[in-house]
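K.L.:
As input, take model-v2.cif (mmCIF, C-alpha atoms):
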```
data_entry
#
loop_
_atom_site.label_atom_id
_atom_site.label_comp_id
_atom_site.auth_asym_id
_atom_site.auth_seq_id
_atom_site.Cartn_x
_atom_site.Cartn_y
_atom_site.Cartn_z
CA MET A 163 -4.85 -10.68 -6.05
CA ARG A 164 -6.20 -9.61 -9.41
CA ARG A 165 -6.64 -6.35 -11.26
CA ILE A 166 -10.08 -4.72 -11.20
CA GLN A 167 -11.66 -1.48 -12.33
CA SER A 168 -13.38 0.19 -9.38
CA ALA A 169 -16.83 1.76 -9.57
CA ASP A 170 -15.30 5.24 -9.94
CA GLY A 171 -13.27 4.09 -12.94
CA HIS A 172 -9.76 3.76 -11.53
CA LEU A 173 -7.73 0.55 -11.71
CA GLY A 174 -6.93 -1.20 -8.48
CA TRP A 175 -6.59 -4.63 -6.93
CA LEU A 176 -9.04 -7.13 -5.44
CA ALA A 177 -7.89 -9.27 -2.51
CA THR A 178 -9.99 -12.37 -1.94
CA THR A 179 -7.92 -14.83 0.08
CA HIS A 180 -7.76 -14.84 3.86
CA ALA A 181 -3.98 -14.35 3.79
CA GLU A 182 -4.16 -11.36 1.42
CA VAL A 183 -6.93 -9.59 3.30
CA ARG A 184 -5.31 -10.14 6.69
CA ALA A 185 -1.93 -8.97 5.38
CA VAL A 186 -3.32 -5.70 3.99
CA LEU A 187 -5.39 -4.94 7.10
CA GLY A 188 -2.41 -5.48 9.36
CA ASP A 189 0.09 -3.44 7.35
CA PRO A 190 0.44 0.27 8.23
CA ARG A 191 1.73 0.93 4.72
CA PHE A 192 -1.89 0.65 3.59
CA SER A 193 -3.99 3.69 4.40
CA ALA A 194 -7.63 3.85 5.51
CA ARG A 195 -7.84 7.59 4.74
CA GLN A 196 -11.02 8.02 2.74
CA GLU A 197 -9.60 10.77 0.52
CA LEU A 198 -6.94 8.32 -0.75
CA LYS A 199 -9.22 5.37 -1.44
CA HIS A 200 -11.23 6.92 -4.31
CA PRO A 201 -8.71 9.00 -6.29
CA LEU A 202 -10.87 9.77 -9.34
CA ARG A 203 -13.64 11.28 -7.23
CA GLN A 204 -11.40 14.05 -5.97
CA ALA A 205 -12.37 16.57 -8.65
CA VAL A 206 -16.12 15.97 -8.39
CA ARG A 207 -16.98 15.14 -4.76
CA PRO A 208 -20.75 15.00 -5.41
CA ASN A 209 -21.45 14.03 -1.80
CA GLY A 210 -18.19 14.81 -0.02
CA ALA A 211 -17.31 11.11 0.07
CA THR A 212 -13.66 11.73 -0.74
CA ASP A 213 -13.03 14.75 1.42
CA PRO A 214 -10.82 14.01 4.42
CA ALA A 215 -12.76 12.38 7.23
CA ALA A 216 -14.73 14.76 9.41
CA PRO A 217 -13.32 15.48 12.87
CA GLY A 218 -14.03 12.44 15.04
CA TRP A 219 -14.85 10.10 12.13
CA PHE A 220 -11.70 8.11 12.83
CA PRO A 221 -12.23 4.92 10.71
CA GLY A 222 -11.36 7.15 7.72
CA MET A 223 -8.05 8.21 9.28
CA ASP A 224 -4.57 6.82 9.86
CA ALA A 225 -2.25 7.18 12.83
CA PRO A 226 -1.67 9.39 14.71
CA ASP A 227 -5.19 10.86 14.42
CA HIS A 228 -6.83 7.44 14.28
CA THR A 229 -4.79 6.26 17.25
CA ARG A 230 -5.73 9.31 19.32
CA TYR A 231 -9.46 8.98 18.77
CA ARG A 232 -9.47 5.21 19.09
CA ARG A 233 -7.59 5.33 22.40
CA MET A 234 -10.22 7.59 23.92
CA VAL A 235 -13.21 5.65 22.62
CA HIS A 236 -11.68 2.27 23.38
CA ALA A 237 -11.65 3.14 27.07
CA GLN A 238 -15.45 3.35 26.91
CA PHE A 239 -15.67 -0.24 25.60
CA SER A 240 -13.71 -1.78 28.45
CA PRO A 241 -14.56 -5.27 29.78
CA ARG A 242 -15.87 -3.58 32.92
CA ARG A 243 -18.28 -1.46 30.88
CA MET A 244 -19.47 -4.52 28.94
CA ARG A 245 -20.15 -6.36 32.21
CA GLN A 246 -22.11 -3.36 33.44
CA LEU A 247 -24.17 -3.29 30.24
CA GLU A 248 -24.99 -7.01 30.08
CA PRO A 249 -27.96 -6.96 32.51
CA ARG A 250 -29.47 -4.00 30.68
CA ILE A 251 -29.01 -5.73 27.29
CA ARG A 252 -30.88 -8.73 28.71
CA GLU A 253 -33.67 -6.45 29.96
CA ILE A 254 -33.96 -4.73 26.58
CA THR A 255 -34.10 -8.11 24.83
CA GLU A 256 -36.84 -9.39 27.13
CA GLU A 257 -38.82 -6.18 26.64
CA ARG A 258 -38.66 -6.63 22.87
CA LEU A 259 -39.79 -10.25 23.20
CA ASP A 260 -42.73 -9.11 25.34
CA ALA A 261 -43.72 -6.70 22.58
CA MET A 262 -43.82 -9.44 19.92
CA ALA A 263 -47.49 -10.26 20.45
CA GLY A 264 -49.96 -11.59 17.91
CA PRO A 265 -49.95 -14.42 15.40
CA THR A 266 -47.06 -12.90 13.41
CA ALA A 267 -44.43 -10.21 13.84
CA ASP A 268 -41.72 -8.55 11.78
CA LEU A 269 -38.59 -9.74 13.54
CA VAL A 270 -36.49 -6.98 11.96
CA ARG A 271 -38.68 -4.06 13.03
CA GLU A 272 -39.71 -5.41 16.42
CA PHE A 273 -36.57 -7.22 17.57
CA ALA A 274 -33.39 -6.99 15.48
CA LEU A 275 -33.40 -3.22 14.94
CA PRO A 276 -34.54 -1.98 18.38
CA ILE A 277 -32.05 -3.99 20.44
CA PRO A 278 -28.82 -2.37 19.18
CA SER A 279 -30.56 1.02 18.97
CA LEU A 280 -31.61 0.91 22.61
CA VAL A 281 -28.19 -0.39 23.66
CA ILE A 282 -26.57 2.56 21.90
CA CYS A 283 -28.96 4.79 23.87
CA GLU A 284 -27.61 3.27 27.07
CA LEU A 285 -24.01 3.74 25.94
CA LEU A 286 -24.46 7.35 24.92
CA GLY A 287 -26.58 8.31 27.91
CA VAL A 288 -29.71 9.18 25.93
CA PRO A 289 -32.55 9.95 28.42
CA TYR A 290 -35.29 7.34 28.43
CA SER A 291 -37.84 9.97 27.41
CA ASP A 292 -35.95 10.42 24.10
CA HIS A 293 -35.56 6.72 23.28
CA GLU A 294 -38.52 6.62 20.90
CA PHE A 295 -37.22 9.53 18.80
CA PHE A 296 -33.71 8.07 18.80
CA GLU A 297 -34.94 4.63 17.79
CA GLN A 298 -37.12 6.00 14.97
CA GLN A 299 -34.26 8.00 13.44
CA SER A 300 -31.83 5.08 13.86
CA ALA A 301 -34.23 2.69 12.16
CA MET A 302 -34.55 5.02 9.13
CA ILE A 303 -30.75 5.04 8.80
CA ALA A 304 -30.44 1.27 9.15
CA ARG A 305 -33.24 0.63 6.64
CA LEU A 306 -31.70 3.10 4.14
CA ASP A 307 -35.01 4.93 4.19
CA PRO A 308 -35.28 7.71 1.55
CA ARG A 309 -35.24 10.13 4.48
CA VAL A 310 -31.85 8.86 5.69
CA GLN A 311 -30.12 12.25 5.30
CA GLU A 312 -32.97 13.93 7.15
CA ALA A 313 -32.60 11.37 9.94
CA MET A 314 -28.84 11.89 10.12
CA GLY A 315 -29.37 15.64 10.38
CA ALA A 316 -31.99 15.25 13.10
CA LEU A 317 -29.72 12.95 15.09
CA ALA A 318 -26.73 15.27 14.67
CA THR A 319 -28.81 18.18 15.99
CA TYR A 320 -30.10 16.09 18.89
CA LEU A 321 -26.63 14.78 19.75
CA GLY A 322 -25.24 18.32 19.72
CA GLU A 323 -27.80 19.29 22.36
CA LEU A 324 -27.04 16.11 24.31
CA VAL A 325 -23.30 16.87 24.29
CA ARG A 326 -23.92 20.35 25.64
CA SER A 327 -26.15 18.98 28.39
CA LYS A 328 -23.50 16.39 29.33
CA ARG A 329 -20.89 19.13 29.64
CA ASP A 330 -23.13 20.82 32.22
CA LEU A 331 -24.24 17.64 33.96
CA PRO A 332 -22.06 14.58 33.14
CA GLY A 333 -23.20 11.06 33.90
CA ASP A 334 -21.86 7.51 33.72
CA ASP A 335 -22.01 7.17 29.94
CA LEU A 336 -19.76 7.23 26.90
CA ILE A 337 -20.25 10.89 25.97
CA SER A 338 -19.60 12.01 29.55
CA GLY A 339 -16.51 9.81 29.66
CA LEU A 340 -15.16 11.39 26.48
CA ILE A 341 -15.92 14.88 27.78
CA LYS A 342 -13.80 14.12 30.85
CA GLU A 343 -10.83 13.61 28.51
CA ASP A 344 -11.07 17.39 27.94
CA GLU A 345 -9.60 17.07 24.44
CA LEU A 346 -12.61 16.89 22.12
CA THR A 347 -14.74 19.61 20.57
CA ASP A 348 -18.52 19.36 20.37
CA GLU A 349 -18.21 18.57 16.65
CA GLU A 350 -15.85 15.70 17.36
CA LEU A 351 -18.11 14.32 20.08
CA VAL A 352 -21.20 14.47 17.85
CA ASN A 353 -19.40 12.73 14.98
CA ILE A 354 -18.07 10.01 17.26
CA ALA A 355 -21.58 9.41 18.60
CA LEU A 356 -23.00 9.27 15.05
CA LEU A 357 -20.22 6.92 14.01
CA LEU A 358 -20.98 4.52 16.86
CA LEU A 359 -24.64 4.62 15.96
CA VAL A 360 -24.14 3.98 12.23
CA ALA A 361 -21.33 1.44 12.56
CA GLY A 362 -22.70 -0.48 15.52
CA HIS A 363 -26.42 -0.29 14.97
CA GLU A 364 -26.92 -1.44 11.39
CA THR A 365 -24.36 -4.23 11.38
CA THR A 366 -25.56 -5.81 14.62
CA ALA A 367 -29.22 -5.51 13.60
CA ASN A 368 -28.44 -7.17 10.26
CA MET A 369 -26.54 -9.97 11.97
CA ILE A 370 -29.41 -10.65 14.37
CA GLY A 371 -31.98 -10.78 11.54
CA LEU A 372 -29.90 -12.82 9.09
CA GLY A 373 -28.64 -15.03 11.90
CA VAL A 374 -32.18 -15.94 12.97
CA LEU A 375 -33.16 -16.70 9.37
CA THR A 376 -30.09 -18.93 9.01
CA LEU A 377 -30.64 -20.75 12.29
CA LEU A 378 -34.26 -21.48 11.39
CA GLU A 379 -33.17 -23.43 8.31
CA ASP A 380 -32.52 -26.52 10.46
CA PRO A 381 -33.69 -27.33 14.02
CA ALA A 382 -30.26 -28.88 14.67
CA HIS A 383 -28.77 -25.39 14.40
CA ILE A 384 -30.74 -24.27 17.46
CA GLU A 385 -29.38 -27.13 19.52
CA SER A 386 -25.82 -26.31 18.40
CA LEU A 387 -26.40 -22.68 19.40
CA ARG A 388 -27.53 -23.72 22.87
CA ARG A 389 -24.54 -26.04 23.36
CA ASP A 390 -21.95 -23.38 22.55
CA PRO A 391 -23.40 -19.94 21.78
CA GLY A 392 -19.96 -18.33 21.53
CA ALA A 393 -18.79 -20.71 18.82
CA ALA A 394 -22.13 -20.42 17.01
CA VAL A 395 -21.86 -16.62 16.88
CA GLU A 396 -18.34 -16.84 15.40
CA GLU A 397 -19.53 -19.22 12.69
CA LEU A 398 -22.53 -17.04 11.84
CA LEU A 399 -20.21 -14.03 11.57
CA ARG A 400 -17.98 -16.00 9.22
CA ARG A 401 -20.73 -17.56 7.16
CA LEU A 402 -22.84 -14.42 6.72
CA SER A 403 -20.05 -11.82 6.44
CA ILE A 404 -22.54 -8.98 6.09
CA VAL A 405 -19.91 -6.31 5.26
CA GLY A 406 -18.77 -7.36 1.81
CA THR A 407 -15.78 -5.18 0.88
CA ILE A 408 -13.65 -2.44 2.39
CA SER A 409 -10.70 -0.69 0.78
CA ARG A 410 -7.20 0.53 1.49
CA ALA A 411 -4.65 2.64 -0.44
CA ALA A 412 -0.94 1.85 -0.64
CA LEU A 413 1.27 4.62 0.78
CA GLU A 414 4.34 3.05 -0.85
CA ASP A 415 5.18 0.02 -2.99
CA VAL A 416 4.12 -3.08 -1.03
CA GLU A 417 4.32 -6.75 -1.94
CA VAL A 418 1.30 -8.73 -0.77
CA GLU A 419 1.46 -12.50 -1.08
CA GLY A 420 3.59 -12.25 -4.21
CA THR A 421 1.77 -9.30 -5.84
CA LEU A 422 3.36 -5.85 -6.02
CA VAL A 423 0.93 -3.06 -5.18
CA ALA A 424 2.36 0.27 -6.29
CA ALA A 425 2.22 3.42 -4.19
CA GLY A 426 -1.12 5.16 -4.67
CA GLU A 427 -2.95 2.06 -5.85
CA THR A 428 -6.06 0.90 -4.00
CA VAL A 429 -6.94 -2.58 -2.82
CA SER A 430 -10.54 -3.75 -2.34
CA LEU A 431 -10.71 -6.35 0.40
CA ASP A 432 -13.47 -8.93 -0.06
CA LEU A 433 -14.27 -9.99 3.50
CA MET A 434 -16.91 -12.47 2.35
CA ALA A 435 -14.43 -14.25 0.09
CA ALA A 436 -11.77 -14.25 2.81
CA ASN A 437 -14.23 -15.81 5.25
CA HIS A 438 -15.02 -18.49 2.68
CA ASP A 439 -11.40 -19.30 1.82
CA ALA A 440 -11.15 -23.09 1.55
CA ALA A 441 -7.46 -22.89 2.51
CA VAL A 442 -8.56 -21.82 6.00
CA PHE A 443 -12.15 -23.03 6.38
CA ASP A 444 -13.00 -26.62 5.45
CA GLU A 445 -16.15 -26.78 3.30
CA PRO A 446 -16.57 -23.02 3.67
CA ASP A 447 -20.13 -22.88 2.31
CA ARG A 448 -21.37 -25.30 4.98
CA LEU A 449 -22.71 -23.83 8.23
CA ALA A 450 -20.91 -25.65 11.05
CA LEU A 451 -21.73 -23.97 14.36
CA ASP A 452 -19.03 -25.91 16.17
CA ARG A 453 -16.32 -25.00 13.65
CA GLU A 454 -13.08 -24.38 15.58
CA GLU A 455 -11.43 -22.29 12.88
CA ALA A 456 -14.40 -19.89 12.81
CA ARG A 457 -12.51 -17.79 15.37
CA LEU A 458 -10.22 -16.78 12.47
CA GLN A 459 -13.08 -14.98 10.70
CA LEU A 460 -12.50 -11.39 9.57
CA ALA A 461 -16.05 -10.03 9.84
CA PHE A 462 -14.81 -7.34 12.24
CA ALA A 463 -11.72 -6.69 10.06
CA HIS A 464 -8.25 -6.98 11.61
CA GLY A 465 -5.31 -4.91 12.76
CA PRO A 466 -5.44 -1.26 13.87
CA HIS A 467 -8.97 -0.83 12.50
CA LEU A 468 -10.45 -3.91 14.16
CA CYS A 469 -14.05 -2.98 14.99
CA LEU A 470 -14.11 -1.28 18.39
CA GLY A 471 -17.51 -2.70 19.23
CA HIS A 472 -16.79 -6.33 18.43
CA HIS A 473 -17.19 -7.48 22.05
CA LEU A 474 -20.48 -5.62 22.35
CA ALA A 475 -21.80 -6.99 19.05
CA ARG A 476 -20.96 -10.55 20.06
CA LEU A 477 -22.67 -10.04 23.42
CA GLU A 478 -25.83 -8.60 21.83
CA MET A 479 -26.03 -11.43 19.30
CA ARG A 480 -25.49 -14.16 21.88
CA ILE A 481 -28.13 -12.75 24.22
CA ALA A 482 -30.64 -12.08 21.42
CA TYR A 483 -30.40 -15.53 19.80
CA LEU A 484 -30.65 -17.49 23.04
CA ALA A 485 -33.47 -15.39 24.49
CA LEU A 486 -35.50 -15.53 21.28
CA PHE A 487 -35.39 -19.31 20.90
CA ASP A 488 -35.89 -19.89 24.62
CA ARG A 489 -39.02 -17.71 24.60
CA PHE A 490 -40.39 -19.00 21.28
CA PRO A 491 -39.18 -22.58 20.67
CA GLY A 492 -41.74 -22.96 17.88
CA LEU A 493 -40.56 -19.87 16.01
CA ARG A 494 -40.61 -20.15 12.23
CA VAL A 495 -40.56 -17.91 9.18
CA ALA A 496 -44.11 -16.96 8.21
CA VAL A 497 -43.51 -16.71 4.44
CA PRO A 498 -41.74 -18.91 1.87
CA TYR A 499 -37.99 -18.31 1.80
CA GLU A 500 -38.15 -16.85 -1.71
CA GLU A 501 -40.47 -14.12 -0.41
CA VAL A 502 -38.02 -12.91 2.25
CA VAL A 503 -36.86 -9.43 1.21
CA PHE A 504 -33.11 -8.80 1.38
CA LYS A 505 -31.39 -5.41 1.42
CA GLN A 506 -29.55 -4.21 -1.65
CA GLY A 507 -26.31 -2.41 -0.87
CA ALA A 508 -22.85 -2.63 0.61
CA VAL A 509 -24.07 -4.21 3.86
CA ARG A 510 -26.14 -7.39 3.67
CA GLY A 511 -29.31 -7.65 5.71
CA LEU A 512 -33.07 -8.11 5.68
CA VAL A 513 -35.71 -5.49 4.96
CA GLU A 514 -38.18 -7.50 7.01
CA LEU A 515 -38.62 -11.02 8.36
CA PRO A 516 -42.21 -12.09 9.12
CA VAL A 517 -42.20 -14.80 11.79
CA THR A 518 -44.85 -16.84 13.53
CA GLY A 519 -44.92 -19.35 16.38
CA LEU A 520 -44.90 -16.56 18.95
CA ARG A 521 -46.30 -18.59 21.78
CA ALA A 522 -44.15 -18.64 24.90
CA GLY A 523 -42.51 -21.93 25.64
#
```
Do you think you could lay out the structure here as C-alpha cells?
P.N.:
Amino acid sequence: MRRIQSADGHLGWLATTHAEVRAVLGDPRFSARQELKHPLRQAVRPNGATDPAAPGWFPGMDAPDHTRYRRMVHAQFSPRRMRQLEPRIREITEERLDAMAGPTADLVREFALPIPSLVICELLGVPYSDHEFFEQQSAMIARLDPRVQEAMGALATYLGELVRSKRDLPGDDLISGLIKEDELTDEELVNIALLLLVAGHETTANMIGLGVLTLLEDPAHIESLRRDPGAAVEELLRRLSIVGTISRAALEDVEVEGTLVAAGETVSLDLMAANHDAAVFDEPDRLALDREEARLQLAFAHGPHLCLGHHLARLEMRIAYLALFDRFPGLRVAVPYEEVVFKQGAVRGLVELPVTGLRAG
C-alpha cells in the first residue's frame, strides 16, 4: 500500500494488490460506516454524504445494524427466488430485443438499461401499469441525468406509496417479504428499495453495455461466450471492473500485508487494480474468456459486504449476452470506436452505444 491524499484533503492509504484489497474487505476491524470514511467532510456536509447512513441504507453500516438488514434482504435473494425470476428475465430480454427495430439502435437505452430496471420492478412488486414511470426515473439515475435528485425524490415518493399499499395487500415480492418480517419502518423499506435500485440497476446496465462492446472487438469472443457463458461473465467482470474504488476506515491499528494502518485512517481499495494484479491473473490486460482464475475477481467486493445481488447480476448478464448474439449474429458497433461515449464518474459505463446489424438470425 502507499500513502495518498484523498479528494477531501485527508491523508490515507491506497490498496492496489489483490491480497491487500481482499484482506481489508474481509477484516471486521475496517469499517464501512460512511461517516468514518471521509473525516474532513464532517464539519461541512454539503450534501449529507458523511452523515451516518440513513435507516435501511445498510452498505454504509457495520455489524450489528448491517448484519440485521442484510439478513432480511438476503432472504429475498434466495436461490429459489432466482429460479423463479429466470423465466421472467428471459421474457424481458426477448421483449427488449423485439423492440430493437430499424437499421440502428442505442443498445444502452433500448437494451442494457431497461433489462435491470424491469427486473427490479419484478423484484419489488411494481405494478405493470407503473413500469414506464419506474423505468424513466431509473434511467435518469443511471445516466447521471441533471435531474437525478428529482428522479430520486419521485421514486422515493412512489415507493412510499407502494410500501403502504403492500402493507394493506401483500404479494409475492421483495417488499411484501420484508413487511412480513414486521421489523422495518416505512422509511427503512423505502431506503432499502432505493438502494437495490441504485446499486443493482446502474452496475448491471453498465456491465451489459460495456460487455457487449468488449465482446464485439473480436468474433472469437462470441464463440467463447457460447461455449462457457459462466466463465465468460466472470472474465468480463474482472476485465472491466466497472466500480473503481471503495473505501474503509480502520477502527484500530491493523497491519495489512506488511503496512501498518493506524486507527482512524482510511484505505481506498482499487478494485480495478486488484482485478489486474499480475500475481493472480496471468497477462491481466488480456481478455481470456476461459480464464480459470477469473473466479477470484473482486468486482462484487468480498467479505461481509459482498454484493447481495451478485447472483442476480450474473444471471441477467448471461441471459442478455447470449440472447442478444443469438438474435443478432451480425451485430456490430455503428460508429468508430473513438466515437463511443463513455461515462465520467466513479462507475464506468457507456452513455450510449449505437449498434447495427439488427436483422434476426
K.L.:
Tell me which of A:Arg252, A:Glu364, A:Ser168, A:Gly218 sits closest to Thr347 (chain A), counting all atoms listed in the file.
P.N.:
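Among the listed residues, A:Gly218 lies closest to Thr347 (chain A).
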K.L.:
Between A:Met369, A:Ala263, A:Leu399, A:Val416, single out the one closest to Leu460 (chain A), counting all atoms listed in the file.
P.N.:
A:Leu399
K.L.:
Choose the residue, out of A:Leu286, A:Thr407, A:Gly420, A:Glu297, that has the smallest atom-to-atom separation from Val509 (chain A); count all atoms listed in the file.
P.N.:
A:Thr407
K.L.:
Need the shell around Pro391 (chain A): protein/DNA/RNA residues with any atom at most 7 Å away, counting all atoms listed in the file. Skip same-chain ones fewer than 4 positions apart. Format as a ChimeraX atom specification?
P.N.:
/A:387,395,480
K.L.:
Spell out the residues picked by the PyMOL selection byres ((chain A and resi 230-243) around 8) here, as an mmCIF file with C-alpha atoms, keeping the file's coordinate frame.
P.N.:
```cif
data_model
loop_
_atom_site.group_PDB
_atom_site.id
_atom_site.type_symbol
_atom_site.label_atom_id
_atom_site.label_comp_id
_atom_site.auth_asym_id
_atom_site.auth_seq_id
_atom_site.Cartn_x
_atom_site.Cartn_y
_atom_site.Cartn_z
ATOM 1 C CA GLY A 218 -14.030 12.440 15.040
ATOM 2 C CA PHE A 220 -11.700 8.110 12.830
ATOM 3 C CA ALA A 225 -2.250 7.180 12.830
ATOM 4 C CA PRO A 226 -1.670 9.390 14.710
ATOM 5 C CA ASP A 227 -5.190 10.860 14.420
ATOM 6 C CA HIS A 228 -6.830 7.440 14.280
ATOM 7 C CA THR A 229 -4.790 6.260 17.250
ATOM 8 C CA MET A 244 -19.470 -4.520 28.940
ATOM 9 C CA ARG A 245 -20.150 -6.360 32.210
ATOM 10 C CA GLN A 246 -22.110 -3.360 33.440
ATOM 11 C CA LEU A 247 -24.170 -3.290 30.240
ATOM 12 C CA LEU A 336 -19.760 7.230 26.900
ATOM 13 C CA GLY A 339 -16.510 9.810 29.660
ATOM 14 C CA LEU A 340 -15.160 11.390 26.480
ATOM 15 C CA GLU A 343 -10.830 13.610 28.510
ATOM 16 C CA LEU A 470 -14.110 -1.280 18.390
ATOM 17 C CA GLY A 471 -17.510 -2.700 19.230
ATOM 18 C CA LEU A 474 -20.480 -5.620 22.350
#
```
K.L.:
Per residue of region 386-472 of chain A within 10 Å of region 175-196 of chain A, record the nearest atom pair and its distance in Å to one decimal, counting only C-alpha atoms, with rows in chain order and ascending residue number, as JSON lines.
P.N.:
```
{"residue": "A:Thr407", "atom": "CA", "partner": "A:Leu176", "partner_atom": "CA", "distance": 9.4}
{"residue": "A:Ile408", "atom": "CA", "partner": "A:Ala194", "partner_atom": "CA", "distance": 9.2}
{"residue": "A:Ser409", "atom": "CA", "partner": "A:Ala194", "partner_atom": "CA", "distance": 7.2}
{"residue": "A:Arg410", "atom": "CA", "partner": "A:Ala194", "partner_atom": "CA", "distance": 5.2}
{"residue": "A:Ala411", "atom": "CA", "partner": "A:Ser193", "partner_atom": "CA", "distance": 5.0}
{"residue": "A:Ala412", "atom": "CA", "partner": "A:Phe192", "partner_atom": "CA", "distance": 4.5}
{"residue": "A:Leu413", "atom": "CA", "partner": "A:Arg191", "partner_atom": "CA", "distance": 5.4}
{"residue": "A:Glu414", "atom": "CA", "partner": "A:Arg191", "partner_atom": "CA", "distance": 6.5}
{"residue": "A:Asp415", "atom": "CA", "partner": "A:Arg191", "partner_atom": "CA", "distance": 8.5}
{"residue": "A:Val416", "atom": "CA", "partner": "A:Arg191", "partner_atom": "CA", "distance": 7.4}
{"residue": "A:Glu417", "atom": "CA", "partner": "A:Val186", "partner_atom": "CA", "distance": 9.7}
{"residue": "A:Val418", "atom": "CA", "partner": "A:Glu182", "partner_atom": "CA", "distance": 6.4}
{"residue": "A:Glu419", "atom": "CA", "partner": "A:Glu182", "partner_atom": "CA", "distance": 6.3}
{"residue": "A:Gly420", "atom": "CA", "partner": "A:Glu182", "partner_atom": "CA", "distance": 9.6}
{"residue": "A:Thr421", "atom": "CA", "partner": "A:Glu182", "partner_atom": "CA", "distance": 9.6}
{"residue": "A:Val423", "atom": "CA", "partner": "A:Trp175", "partner_atom": "CA", "distance": 7.9}
{"residue": "A:Ala425", "atom": "CA", "partner": "A:Phe192", "partner_atom": "CA", "distance": 9.2}
{"residue": "A:Gly426", "atom": "CA", "partner": "A:Phe192", "partner_atom": "CA", "distance": 9.4}
{"residue": "A:Glu427", "atom": "CA", "partner": "A:Trp175", "partner_atom": "CA", "distance": 7.7}
{"residue": "A:Thr428", "atom": "CA", "partner": "A:Trp175", "partner_atom": "CA", "distance": 6.3}
{"residue": "A:Val429", "atom": "CA", "partner": "A:Trp175", "partner_atom": "CA", "distance": 4.6}
{"residue": "A:Ser430", "atom": "CA", "partner": "A:Leu176", "partner_atom": "CA", "distance": 4.8}
{"residue": "A:Leu431", "atom": "CA", "partner": "A:Ala177", "partner_atom": "CA", "distance": 5.0}
{"residue": "A:Asp432", "atom": "CA", "partner": "A:Thr178", "partner_atom": "CA", "distance": 5.2}
{"residue": "A:Leu433", "atom": "CA", "partner": "A:Thr178", "partner_atom": "CA", "distance": 7.3}
{"residue": "A:Met434", "atom": "CA", "partner": "A:Thr178", "partner_atom": "CA", "distance": 8.1}
{"residue": "A:Ala435", "atom": "CA", "partner": "A:Thr178", "partner_atom": "CA", "distance": 5.2}
{"residue": "A:Ala436", "atom": "CA", "partner": "A:His180", "partner_atom": "CA", "distance": 4.2}
{"residue": "A:Asn437", "atom": "CA", "partner": "A:His180", "partner_atom": "CA", "distance": 6.7}
{"residue": "A:His438", "atom": "CA", "partner": "A:His180", "partner_atom": "CA", "distance": 8.2}
{"residue": "A:Asp439", "atom": "CA", "partner": "A:Thr179", "partner_atom": "CA", "distance": 5.9}
{"residue": "A:Ala440", "atom": "CA", "partner": "A:Thr179", "partner_atom": "CA", "distance": 9.0}
{"residue": "A:Ala441", "atom": "CA", "partner": "A:His180", "partner_atom": "CA", "distance": 8.2}
{"residue": "A:Val442", "atom": "CA", "partner": "A:His180", "partner_atom": "CA", "distance": 7.3}
{"residue": "A:Phe443", "atom": "CA", "partner": "A:His180", "partner_atom": "CA", "distance": 9.6}
{"residue": "A:Leu458", "atom": "CA", "partner": "A:His180", "partner_atom": "CA", "distance": 9.2}
{"residue": "A:Gln459", "atom": "CA", "partner": "A:His180", "partner_atom": "CA", "distance": 8.7}
{"residue": "A:Leu460", "atom": "CA", "partner": "A:Arg184", "partner_atom": "CA", "distance": 7.8}
{"residue": "A:Ala463", "atom": "CA", "partner": "A:Leu187", "partner_atom": "CA", "distance": 7.2}
{"residue": "A:His464", "atom": "CA", "partner": "A:Leu187", "partner_atom": "CA", "distance": 5.7}
{"residue": "A:Gly465", "atom": "CA", "partner": "A:Gly188", "partner_atom": "CA", "distance": 4.5}
{"residue": "A:Pro466", "atom": "CA", "partner": "A:Gly188", "partner_atom": "CA", "distance": 6.9}
{"residue": "A:His467", "atom": "CA", "partner": "A:Leu187", "partner_atom": "CA", "distance": 7.7}
{"residue": "A:Leu468", "atom": "CA", "partner": "A:Leu187", "partner_atom": "CA", "distance": 8.7}
```
K.L.:
Would you mind reading off the distance between CA of Leu375 (chain A) and CA of Leu486 (chain A), one decimal, in Å?
P.N.:
12.2 Å
K.L.:
Using the chain letters and numbers from the file, which residues does the PyMOL selection byres ((chain A and resi 322) around 12) grab, as a list in words?
P.N.:
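Evaluating the PyMOL selection byres ((chain A and resi 322) around 12) on this file yields Val288, Gly315, Ala316, Leu317, Ala318, Thr319, Tyr320, Leu321, Glu323, Leu324, Val325, Arg326, Ser327, Lys328, Arg329, Ile337, Thr347, Asp348, Glu349, Glu350, Leu351, Val352, Asn353, Ile354, Ala355 and Leu356 of chain A.
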K.L.:
Here is a test: counting all atoms listed in the file, which residue of A:Ala215, A:Val270, A:Leu357, A:Met314 is nearest to Phe504 (chain A)?
P.N.:
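Selected residue with least distance to Phe504 (chain A): A:Val270.
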K.L.:
Find the distance between CA of Val497 (chain A) and CA of Glu514 (chain A) and write it in Å to one decimal.
P.N.:
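Separation between CA of Val497 (chain A) and CA of Glu514 (chain A): 10.9 Å.
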K.L.:
Build an axis-aligned box that encloses every atom of region 265-279 of chain A listed in the file, pad it by 5 Å on each side, and report its centre and edge lengths in Å to one decimal, as JSON.
P.N.:
```
{"center_x": -39.4, "center_y": -6.7, "center_z": 16.1, "size_x": 31.1, "size_y": 25.4, "size_z": 18.7}
```
K.L.:
Could you please determine the separation between CA of Met262 (chain A) and CA of Pro491 (chain A) in Å, to one decimal place?
P.N.:
14.0 Å
K.L.:
Pick from A:Val503, A:Leu451, A:Leu358, A:Ala393: nearest to Cys283 (chain A), with all atoms listed in the file counted?
P.N.:
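Of A:Val503, A:Leu451, A:Leu358, A:Ala393, the one nearest Cys283 (chain A), counting all atoms listed in the file, is A:Leu358.
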K.L.:
For the file shown, what are the residues hit by the PyMOL selection byres ((chain A and resi 365) around 10), laid out as a PyMOL selection string?
P.N.:
chain A and resi 275+278+304+359-364+366-370+404-405+475+509-511
